[in-house]
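Notes to accompany the following structure.
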Amino acid sequence: LHSSYAPVVDSAAWQLTSAINSLRDPDGRIAVPGVYDQVRPASDREKQLVEKYSTIDAQLLVKSFKLSAPLLNSQTRAKLLQSLYFSPALNIEGISSGYEENGVKTVLPAEARAKLEIRLVPDQKPRDIFDKVVDFLKNKGFNNVKAVYTLGEDPYRSDLSSPEIERVLKAMHKVYQGDLALLPTSQGTGPMAYFDENFHSSIAAVGIGYPNSADHAPDENVRIKDYFDHIDFIKELIKSYE
């Protein structure tokens with residue numbers, strides 16, 4: 001429609017942004033009922049490990065990423081770390097509607113699209129969370145918003161008291177002489193839950209990066225020393241099974 005109808009006809013763009021906005025509180029907390037019901041609380045040890053070994057704080061985030069947008073849940077470092085490592089989060093990956101080229105085209109968009117993700121934590125289930133979001137939107141009256149499930153990955157967090165985790169740590173101490181950080185979880189995605197469910201094995205993720213590796217950036221890098229140290233670590237880990 002022509003945008004002259006905007007005073008009396010709601011556009012798809014406004015309806016979609018209203019629907020998305022209803023999913024989250026201003027502080028970033030997901031507003032969908034039941035989303036937090038299955039969240040596994042972090043243990044005291046897990047909180048202590050994150051407090052001790054995580055290098056992240058509010059000032060570092062703002063400086064590293066040159067942020068102008070406000071930080072969420074950053075009243076204290078403990079609250080920031082709790083949100084970052086142990087809480088689910090809703091994110092808009094992309095959104096589009098109407099005319100987006102140069103110049104002006106006075107239209108009232110008939111369609112609007114967005115791609116969203118919810119980063120899960122143990123013991124949430126992707127399909128269950130998706131269904132809760134769909135029900136929430138329907139109950140809010142957004143019946144013309146269609147949600148499509150794309151993919152999902154079960155969340156996972158290792159039991160750090162596992163003998164196999166201890167085995168990994170012993171091998172690492174032999175090579176790195178205590179110069180290591182132990183975090184109970186990371187903000188990544190992978191198939192760890194699948195292996196845990198099918199093989200009942202604890203999982204530790206180890207890497208060869210260093211603080212200036214610039215993960216996933218165009219200048220991502222690793223030092224040659226780190227590469228060879230990692231080989232030595234793998235040798236020690238294999239020897240521990242002899």
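In the structure tokens, each chain is lettered A, B, ... as it comes, each chain's residues begin at 1, and ligands are numbered from 1 in order of appearance.
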Secondary structure check, alpha helix (DSSP H) residues of chain A, as number ranges by chain: A: 12-22, 44-53, 58-65, 77-86, 126-139, 163-176, 192-199, 224-239
Mind checking which residues fall within 12 Å of Trp14 (chain A), counting only C-alpha atoms, ignoring those fewer than 5 positions away in the same chain, and posting them as a PDB file with C-alpha atoms, in the first residue's frame?
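After the write, out31.pdb holds the following:
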ATOM      1  CA  ALA A   6      -0.252   4.632   7.493  1.00  0.00           C
ATOM      2  CA  VAL A   9      -3.382   0.648   8.323  1.00  0.00           C
ATOM      3  CA  ALA A  19       6.193  -8.851  18.159  1.00  0.00           C
ATOM      4  CA  ILE A  20       9.983  -9.049  18.500  1.00  0.00           C
ATOM      5  CA  ASN A  21      10.059  -6.289  21.103  1.00  0.00           C
ATOM      6  CA  ILE A  95      15.688  -7.963   9.971  1.00  0.00           C
ATOM      7  CA  SER A  96      14.326  -6.612   6.660  1.00  0.00           C
ATOM      8  CA  SER A  97      11.152  -5.120   5.203  1.00  0.00           C
ATOM      9  CA  GLY A  98       9.873  -2.761   2.545  1.00  0.00           C
ATOM     10  CA  LEU A 108       3.576   0.586   3.537  1.00  0.00           C
ATOM     11  CA  PRO A 109       5.309  -2.847   3.676  1.00  0.00           C
ATOM     12  CA  ALA A 110       3.138  -5.929   3.212  1.00  0.00           C
ATOM     13  CA  GLU A 111       5.826  -8.309   4.483  1.00  0.00           C
ATOM     14  CA  ALA A 112       8.590  -8.217   7.061  1.00  0.00           C
ATOM     15  CA  ARG A 113      11.134 -10.860   7.976  1.00  0.00           C
ATOM     16  CA  PHE A 142       0.388 -11.714  16.872  1.00  0.00           C
ATOM     17  CA  VAL A 145       3.444 -13.631  12.603  1.00  0.00           C
TER      18      VAL A 145
END
Looking at only C-alpha atoms, which of A:Glu242, A:Glu93, A:Asp27, A:Asp154 is the one that sits closest to Asp123 (chain A)?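 Closest candidate: A:Asp154.
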Tell me, as an MDAnalysis selection string, which residues lie within 12 Å of Gln48 (chain A), counting only C-alpha atoms; anything in the same chain fewer than 6 positions away does not count. chainID A and resid 42 54 78 81:82 182:184
Out of A:Ala204, A:Val50, A:Ala171, A:Val39, which residue has the shortest atom-to-atom distance to Asp232 (chain A) when counting only C-alpha atoms?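 When distances to Asp232 (chain A) are compared using only C-alpha atoms, the smallest one comes from A:Ala171.
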All residues 9 Å or closer to His230 (chain A), only C-alpha atoms, same chain fewer than 6 positions away omitted, as a PyMOL selection string: chain A and resi 172+175+206-208
What's the separation between CA of Leu90 (chain A) and CA of Ile118 (chain A), in Å to one decimal place? 4.5 Å
Just give me the gap between CA of Leu116 (chain A) and CA of Val133 (chain A) in Å, one decimal is fine. 11.2 Å
Neighbours of His173 (chain A) within 12 Å (only C-alpha atoms; same-chain residues fewer than 3 positions away dropped), as a ChimeraX atom specification? /A:166-170,176-182,229-230,232-233,236-237
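For Arg29 (chain A), the non-local neighbours within 8 Å, defined as residues at least 4 positions apart in the same chain or in other chains and counting only C-alpha atoms, are Arg24, Asp25 and Ala89 of chain A.
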